[in-house]
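Scroll down for the structure; my scribbles are underneath it.
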Amino acid sequence: MSATLALKLAWRDLKASPNLLWIVVALALGVATLAAVGTARQAVLEALERDAAVLLGGDVALRTTGAPIPPEERRELVPQEGARTADVVTVTTILGGPEGEDLTVALKAVDDAYPLYGEVELAPAMPLDRAFAESGIVVAAGVLERLDLAPGDRVTIGDKTFTIRAELQAEPDRSGGGFQIGPRVFAKLGDVQQAGILRRGSVARYAFRIALPPETDAEAYAARLRAERGDRRWEIQTATAAQPAIQRLVGRLATFLTLAGLAALATGGLGIALAARTHLAGKLATMATLRALGGRPRGVVGLYALQLAGLGAAGVALGLGLGALAPLLLRFVPTSILPVTIDEPFAPAALITAAAIGALVLAASIWLPLAMARRVSPASLFRGGASADAPATWPDRLAVAAIGAALVALVVATADDARLAAIVIGCFAGGAALLAGLVVLLQRGAGRLAAVAPPRLRLPLREIARPGGETTPTVLALALGLTLLTVVGQTGRVIDAEIGARLPEQVPSILFLDIQPDMEARFVETVEGVPEARLLEMAPYLRARIVRIDGTPAEDATIAPEVEWTLRRDRAITWSAAPPTDEEMTAGEWWPADYEGPPLVAVEDETARGYGVGVGDTLSFNVLGRVVEAEIAALRPEIDPTSGELIFLFAFSPGLLERAPHSFIATVDVPDAARPELLDALGDTLPTVTPVRIDEAIDAVRNVLERIRAAVFVVTGLTLASGLIVLAAGLTAVRARQRYAAAILKALGARRADLTRTFLVEHAATGALAALAGVLLGAVGGWAIARFALDLPFVLAGGTVGVIFVLAMALTVGAGMLGLARLVAQPAQPLLRAG
Amino acid sequence: MAPLIELDDVHLTLRAPGGAVNVLAGVDLAVEAGSATGIVGPSGSGKSSLLAIIAGLERPTSGRVRVGGREISALDENARADWRRRELGILFQSFHLIPTLTALENVAVPLELAGDRQATPHARTALERVGLDHRTDHRPSQLSGGEQQRVALARALVAKPRLVLADEPTGNLDGETARVVADMLFALPREQGATLLLITHDPQLAGRCDRRVRMAEGRFVPASGAAERAA
Ligand SMILES: Nc1ncnc2c1ncn2[C@@H]1O[C@H](COP(=O)(O)OP(=O)(O)OP(=O)(O)O)[C@@H](O)[C@H]1O
Ligand SMILES: [Mg+2]
């Protein structure tokens, strides 16, 4: 066949069947997602690495809670010539305005050496030390507005008055991964020390940052410190490993989004297969004719293979272009979430992977249709036309399976979390197989039913029973799209429910931190002075880190994954002579009220089990730099987060700890109307006590979750869009078949209503199957994610699932109806004349 | 008695990319109930188009078409469908079997549309009568041209129509099968009082009709010697 004839035929086809362009769209969507996620991932990780020292604020940071590292120890810590050091203290506190208004803020108190790396940018522009002169402070954008203040206005922190000098534009050592309540405020460390909020035992975090001379290996230095100082008196962080939380988050998110992109591609692949099949089925007669006229099979089918591959290549190219540009949007992500700036994201490896995956999906989806076309013999021309319904041969099925295997291998090999990728792909394939089985069952059932159904229903049932064709892929694609949507909706519900459950029923509206021991009586008095306020709980409070579990260093102990978090940072501990009221120990016994021996500890049941310890074993805690070993005296029942009680995993016998510098923590329930009165009263008598609005803290958590959910919904939307493309391709295929059948039926005396019923039953049945299977699988998937990935109790999102189901039904039936009206109204004769 | 089919100065003009085609150019025709009429004429003369107009599938550009005393083109679409379902059996030149249904299912369709509970057994009998009881579960693409034609014939006759329109019913059949099929067709007027209108190029088949008309260039022309001789 000449090249001109080939081109002419290919061009005519494209003009005649615009739905071939779905191939371009489907591939472009999926490849764009993969390319964008891959590029963004690499860009973010590179930026994190580049800015690591700036983000940490030094090459190494030693962190303590409650008290700084004493000066004599510091000298030993920094032996090197040329090393610079800086002290940074962060503490949650209250910024009081001149009119008595207040705002919970995250105060960062810094010394003259700060920042060791990077720059603080202020507006109006000025150096930090000028802003700090004469008790000056710097506040984050938004603070002025919220308190209706202007630079030059005076505010109070603790019992000291400050003057606002500037607004913060850029903070080099943004925490990013860490959690922060309220906007940032900068002040000079010396001034903050005078404000009285940094007494020993207060909930301040101290960082002693070190900038090592160039060419010094920070890791080796940190390793030596760890080795020499044994019991981890401080949390030692190095710049290279400073952002593990963000790195882990980026990796997780990238894996998840990649999988969503793959789901979009897989669904899109079904659409491509459908579009290709419909297209080629319509060309069978042409192909048979060309071959009967002497065209070689390879040449004739090759023509169409080239046509489809060309469209696919266009889709992949378009996807790569979009995907490479999309990460530029990262610039608009607020620095509170992503603390680094992204320059020009370009990740050739990610693009190549995305292109390869796209190409494999294309190959897998057009292989069978092309093989079908190749098998058509010219002899079929003599038997009333060729049929596209012959089942695929085993070699072809094997070939597609091989392409699929290559695809899976590529995906798993390039994923951040190969295990997760493999599991999700397995679930996806399992779901698809299950659905395909369901479709076969539906068809068999409809076939059986057609034999016995009332005559008018037989035709509709036979339409469903019709083997092969577009039903299976259409149902599959739609159902899988719906499955993903349901999983996301369902997971969102589970997380919401969890937040709801964690919200104590009896919400203590304010949590008070930093009540010094000598203030205890005055605090209680002041609260009692406000009639509407009710003191719910008050407990002594310290932060401590577990360093040894029954003699084994914590980092070497085997810990159940669900309690690993308890070791990552220091935890709140308390002590009490009497056991909590109404509490039965699950093992052991609380100490007698007059106990005065060596420290005993009561441990929450689940935590103890996670550590593999029980009554009689020991736990060692680092309390303000001292290691305290305590014997486990009792196991306490799991603390119900809905009770509104303060959660202490570890409660000690009084004695030793009482003598450590500590503070009290208290929860107070107060109606909104009486809150200002209470805060005013406390502000007058105890200015250094820090109230934390619990609703604000919860809002902050919710905010972060909302953002993640939004991102997830966008990507899921992409998958569903691919599902819809398949639906469109499927409907086109259905339509082509139905048009002709409708014309014949009309000639045989079918009324419009007969036709509508016939085709509507088909749409409704397949739509219902897809919708039902989709939401059921989605609910199961949501359950599995809640149970195994999030470890949260499952709550069925009945409303969401119902809405998705109804929408899906409406969509399939609606989309079916849309074309149906035209189909039923079309005159029969033109089609019959042509036939 | 008024004729069953009455055509009065029927014109049909079809628009095609190359310009309008005058397919029918003033056709007058009257067919008595219970008769067998044969239409002959060269390819492209408008025979199939005439059948489509009588079946109510095509609207004439002008002229009147009355079947059974009713103006077909004045009926609405559903009324035409009901009439076709109840009274008409039609066999297309290119068969038009529904590709996704088996032979048996194709034949059962008219009965199922009419709500006949015995659709399948009746369809099976009809297939037996055209000699295809061994091909009931094949789909059209798995049947030979002649077999497809016989399935289409069984479908046209299965609901015992009052009027049968057959476009070249034996065009693809060998002599013996053609004779069997023709016998079936001509038994209809005899046994059921049905009316038969058929198009054929086969002089022998045309010869068995009560009456023959010849078409050329979209109108009836005086019967030629050949057609008369075949009589
Ligand atoms: N859609 C159309 N548009 C324009 N002209 C058409 C169309 N369909 C058919 N024709 C023309 O109408 C004329 C009559 O066609 P028809 O099928 O009625 O002929 P026929 O007598 O049945 O021929 P044959 O014996 O070959 O079956 C032909 O010239 C044909 O080219
Ligand atoms: Mg014809």
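In the structure tokens, the first chain shown is A, the next is B, and so on; residue numbers restart at 1 for each chain, and ligands run from 1 in the order shown.
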Mind listing the helix (DSSP H, G or I) residues of stretch 5-230 of chain A, per DSSP on the backbone, as a VMD selection string? chain A and resid 5 to 16 18 to 50 52 to 56 71 to 77 128 to 132 143 to 147 189 to 194 218 to 228
Got a sec to tell me which of stretch 29-140 of chain B DSSP assigns to strand (DSSP E or B), as a ChimeraX atom specification? /B:29-31,36-40,62-67,70-71,88-91
Written file, previous selection with C-alpha atoms, as a tab-separated table (two decimals), in the first residue's frame:
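Once everything was written out, this is again.tsv:
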```tsv
chain	number	residue	atom	x	y	z
B	29	LEU	CA	-50.30	1.77	-8.20
B	30	ALA	CA	-53.28	-0.19	-6.94
B	31	VAL	CA	-52.90	-3.63	-5.36
B	36	ALA	CA	-49.55	-11.46	-5.45
B	37	THR	CA	-47.83	-8.67	-7.36
B	38	GLY	CA	-44.33	-8.86	-8.83
B	39	ILE	CA	-42.22	-5.74	-9.44
B	40	VAL	CA	-39.41	-6.05	-11.93
B	62	SER	CA	-45.32	14.31	-2.81
B	63	GLY	CA	-48.30	12.13	-3.67
B	64	ARG	CA	-50.66	9.96	-1.67
B	65	VAL	CA	-50.03	6.50	-0.20
B	66	ARG	CA	-53.03	4.63	1.17
B	67	VAL	CA	-52.75	1.19	2.66
B	70	ARG	CA	-55.48	4.71	5.65
B	71	GLU	CA	-53.19	7.48	4.58
B	88	LEU	CA	-46.77	-6.05	7.83
B	89	GLY	CA	-44.01	-8.56	7.14
B	90	ILE	CA	-40.97	-7.15	5.42
B	91	LEU	CA	-37.93	-8.81	3.90
```
Can you tell me which residues come within 10 Å of ligand 1 when counting only C-alpha atoms and all ligand atoms, ideally as a ChimeraX atom specification? /A:829-834 /B:12-24,39-52,93-94,167-168,199-201,215-218
Using the selection just defined, write its residues with C-alpha atoms as a PDB file, in the first residue's frame.
```pdb
ATOM      1  CA  GLN A 829     -34.737   4.330   6.330  1.00  0.00           C
ATOM      2  CA  PRO A 830     -31.362   6.039   5.806  1.00  0.00           C
ATOM      3  CA  LEU A 831     -29.650   3.310   7.820  1.00  0.00           C
ATOM      4  CA  LEU A 832     -31.566   0.512   6.154  1.00  0.00           C
ATOM      5  CA  ARG A 833     -31.010   1.924   2.688  1.00  0.00           C
ATOM      6  CA  ALA A 834     -27.266   2.066   3.337  1.00  0.00           C
TER       7      ALA A 834
ATOM      8  CA  LEU B  12     -39.517  10.769  -4.069  1.00  0.00           C
ATOM      9  CA  THR B  13     -36.524  13.057  -4.342  1.00  0.00           C
ATOM     10  CA  LEU B  14     -33.456  12.267  -2.247  1.00  0.00           C
ATOM     11  CA  ARG B  15     -30.738  14.757  -1.588  1.00  0.00           C
ATOM     12  CA  ALA B  16     -27.252  13.455  -2.025  1.00  0.00           C
ATOM     13  CA  PRO B  17     -23.886  15.230  -2.020  1.00  0.00           C
ATOM     14  CA  GLY B  18     -23.851  15.110  -5.809  1.00  0.00           C
ATOM     15  CA  GLY B  19     -27.261  16.835  -6.024  1.00  0.00           C
ATOM     16  CA  ALA B  20     -30.887  15.786  -5.753  1.00  0.00           C
ATOM     17  CA  VAL B  21     -31.842  12.384  -7.188  1.00  0.00           C
ATOM     18  CA  ASN B  22     -35.328  11.828  -8.511  1.00  0.00           C
ATOM     19  CA  VAL B  23     -35.804   8.301  -7.240  1.00  0.00           C
ATOM     20  CA  LEU B  24     -39.542   8.065  -7.894  1.00  0.00           C
ATOM     21  CA  ILE B  39     -42.224  -5.741  -9.440  1.00  0.00           C
ATOM     22  CA  VAL B  40     -39.410  -6.051 -11.926  1.00  0.00           C
ATOM     23  CA  GLY B  41     -37.073  -3.562 -13.458  1.00  0.00           C
ATOM     24  CA  PRO B  42     -33.415  -2.681 -13.866  1.00  0.00           C
ATOM     25  CA  SER B  43     -31.096  -1.979 -10.971  1.00  0.00           C
ATOM     26  CA  GLY B  44     -31.482   1.511  -9.593  1.00  0.00           C
ATOM     27  CA  SER B  45     -34.944   2.014 -11.031  1.00  0.00           C
ATOM     28  CA  GLY B  46     -36.480   2.690  -7.607  1.00  0.00           C
ATOM     29  CA  LYS B  47     -38.050  -0.663  -6.658  1.00  0.00           C
ATOM     30  CA  SER B  48     -36.676  -0.880  -3.136  1.00  0.00           C
ATOM     31  CA  SER B  49     -37.518   2.771  -2.535  1.00  0.00           C
ATOM     32  CA  LEU B  50     -41.130   2.097  -3.528  1.00  0.00           C
ATOM     33  CA  LEU B  51     -41.317  -0.751  -1.005  1.00  0.00           C
ATOM     34  CA  ALA B  52     -39.933   1.493   1.732  1.00  0.00           C
ATOM     35  CA  GLN B  93     -32.822  -6.794   0.040  1.00  0.00           C
ATOM     36  CA  SER B  94     -29.834  -6.796   2.400  1.00  0.00           C
ATOM     37  CA  ASP B 167     -37.303  -7.391  -1.775  1.00  0.00           C
ATOM     38  CA  GLU B 168     -35.653 -10.104  -3.875  1.00  0.00           C
ATOM     39  CA  ILE B 199     -39.431  -7.478  -6.134  1.00  0.00           C
ATOM     40  CA  THR B 200     -37.462  -9.924  -8.210  1.00  0.00           C
ATOM     41  CA  HIS B 201     -35.057 -10.251 -11.079  1.00  0.00           C
ATOM     42  CA  MET B 215     -40.250  -0.021 -13.207  1.00  0.00           C
ATOM     43  CA  ALA B 216     -37.706   2.080 -15.027  1.00  0.00           C
ATOM     44  CA  GLU B 217     -36.217   5.383 -13.974  1.00  0.00           C
ATOM     45  CA  GLY B 218     -38.585   5.900 -11.093  1.00  0.00           C
TER      46      GLY B 218
END
```
For chain A, report every residue with an atom at most 6 Å from chain B (counting only C-alpha atoms), formatted as a ChimeraX atom specification. /A:383,455-456,741,748-751,829
Find the residues near B:Thr177: any atom within 12 Å, counting only C-alpha atoms, skip ones fewer than 2 places away on the same chain, and give them as a list in words. Arg129, Val130, Gly131, Leu132, Gly146, Glu147, Gln149, Arg150, Pro169, Thr170, Gly171, Asn172, Leu173, Asp174, Gly175, Arg179, Val180, Val181, Ala182, Asp183 and Met184 of chain B
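Residues with any atom within 8 Å of stretch 615-623 of chain A, counting only C-alpha atoms and excluding same-chain neighbours fewer than 6 positions away, are Asp231, Arg232, Arg233, Leu542, Arg543, Ala544, Arg545, Ile546, Val547, Arg548, Ile549, Asp550, Gly551, Ala587, Gly588, Glu629, Ala630, Glu631, Ile632, Ala633, Ala634 and Leu635 of chain A.
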How about saving the chosen residues, C-alpha atoms kept, as an mmCIF file, in the first residue's frame?
```cif
data_model
loop_
_atom_site.group_PDB
_atom_site.id
_atom_site.type_symbol
_atom_site.label_atom_id
_atom_site.label_comp_id
_atom_site.auth_asym_id
_atom_site.auth_seq_id
_atom_site.Cartn_x
_atom_site.Cartn_y
_atom_site.Cartn_z
ATOM 1 C CA ASP A 231 21.532 8.617 77.661
ATOM 2 C CA ARG A 232 20.392 11.104 75.055
ATOM 3 C CA ARG A 233 20.224 14.061 77.297
ATOM 4 C CA LEU A 542 6.771 17.915 83.097
ATOM 5 C CA ARG A 543 8.092 16.753 79.795
ATOM 6 C CA ALA A 544 10.362 13.757 79.686
ATOM 7 C CA ARG A 545 11.738 11.375 77.100
ATOM 8 C CA ILE A 546 11.983 7.648 77.502
ATOM 9 C CA VAL A 547 15.599 6.578 77.189
ATOM 10 C CA ARG A 548 15.519 2.964 78.309
ATOM 11 C CA ILE A 549 12.862 0.300 78.259
ATOM 12 C CA ASP A 550 13.531 -2.357 80.851
ATOM 13 C CA GLY A 551 17.253 -1.665 80.592
ATOM 14 C CA ALA A 587 -2.695 -4.822 86.348
ATOM 15 C CA GLY A 588 -0.715 -4.104 89.496
ATOM 16 C CA GLU A 629 14.536 5.043 86.442
ATOM 17 C CA ALA A 630 11.073 4.017 87.599
ATOM 18 C CA GLU A 631 9.546 0.648 88.248
ATOM 19 C CA ILE A 632 6.177 -0.040 86.689
ATOM 20 C CA ALA A 633 3.730 -0.422 89.556
ATOM 21 C CA ALA A 634 0.474 -0.541 87.678
ATOM 22 C CA LEU A 635 -1.095 -0.526 84.239
#
```
Atom CA of B:Leu205 to atom CA of B:Ala178 measures 9.0 Å
Mind checking which residues fall within 9 Å of B:Ala2, counting only C-alpha atoms, ignoring those fewer than 5 positions away in the same chain, and posting them as a PyMOL selection string? chain B and resi 32-33+68-69
Suppose we keep N, CA and C atoms; can you now write the selection as a PDB file, in the first residue's frame?
```pdb
ATOM      1  N   GLU B  32     -54.745  -5.215  -5.160  1.00  0.00           N
ATOM      2  CA  GLU B  32     -55.922  -5.798  -4.525  1.00  0.00           C
ATOM      3  C   GLU B  32     -55.506  -6.647  -3.335  1.00  0.00           C
ATOM      4  N   ALA B  33     -56.324  -6.654  -2.313  1.00  0.00           N
ATOM      5  CA  ALA B  33     -56.055  -7.518  -1.163  1.00  0.00           C
ATOM      6  C   ALA B  33     -56.076  -8.970  -1.597  1.00  0.00           C
ATOM      7  N   GLY B  68     -54.700  -0.154   3.177  1.00  0.00           N
ATOM      8  CA  GLY B  68     -55.845  -0.571   4.007  1.00  0.00           C
ATOM      9  C   GLY B  68     -56.759   0.595   4.291  1.00  0.00           C
ATOM     10  N   GLY B  69     -56.887   1.517   3.318  1.00  0.00           N
ATOM     11  CA  GLY B  69     -57.819   2.617   3.471  1.00  0.00           C
ATOM     12  C   GLY B  69     -57.272   3.757   4.311  1.00  0.00           C
TER      13      GLY B  69
END
```
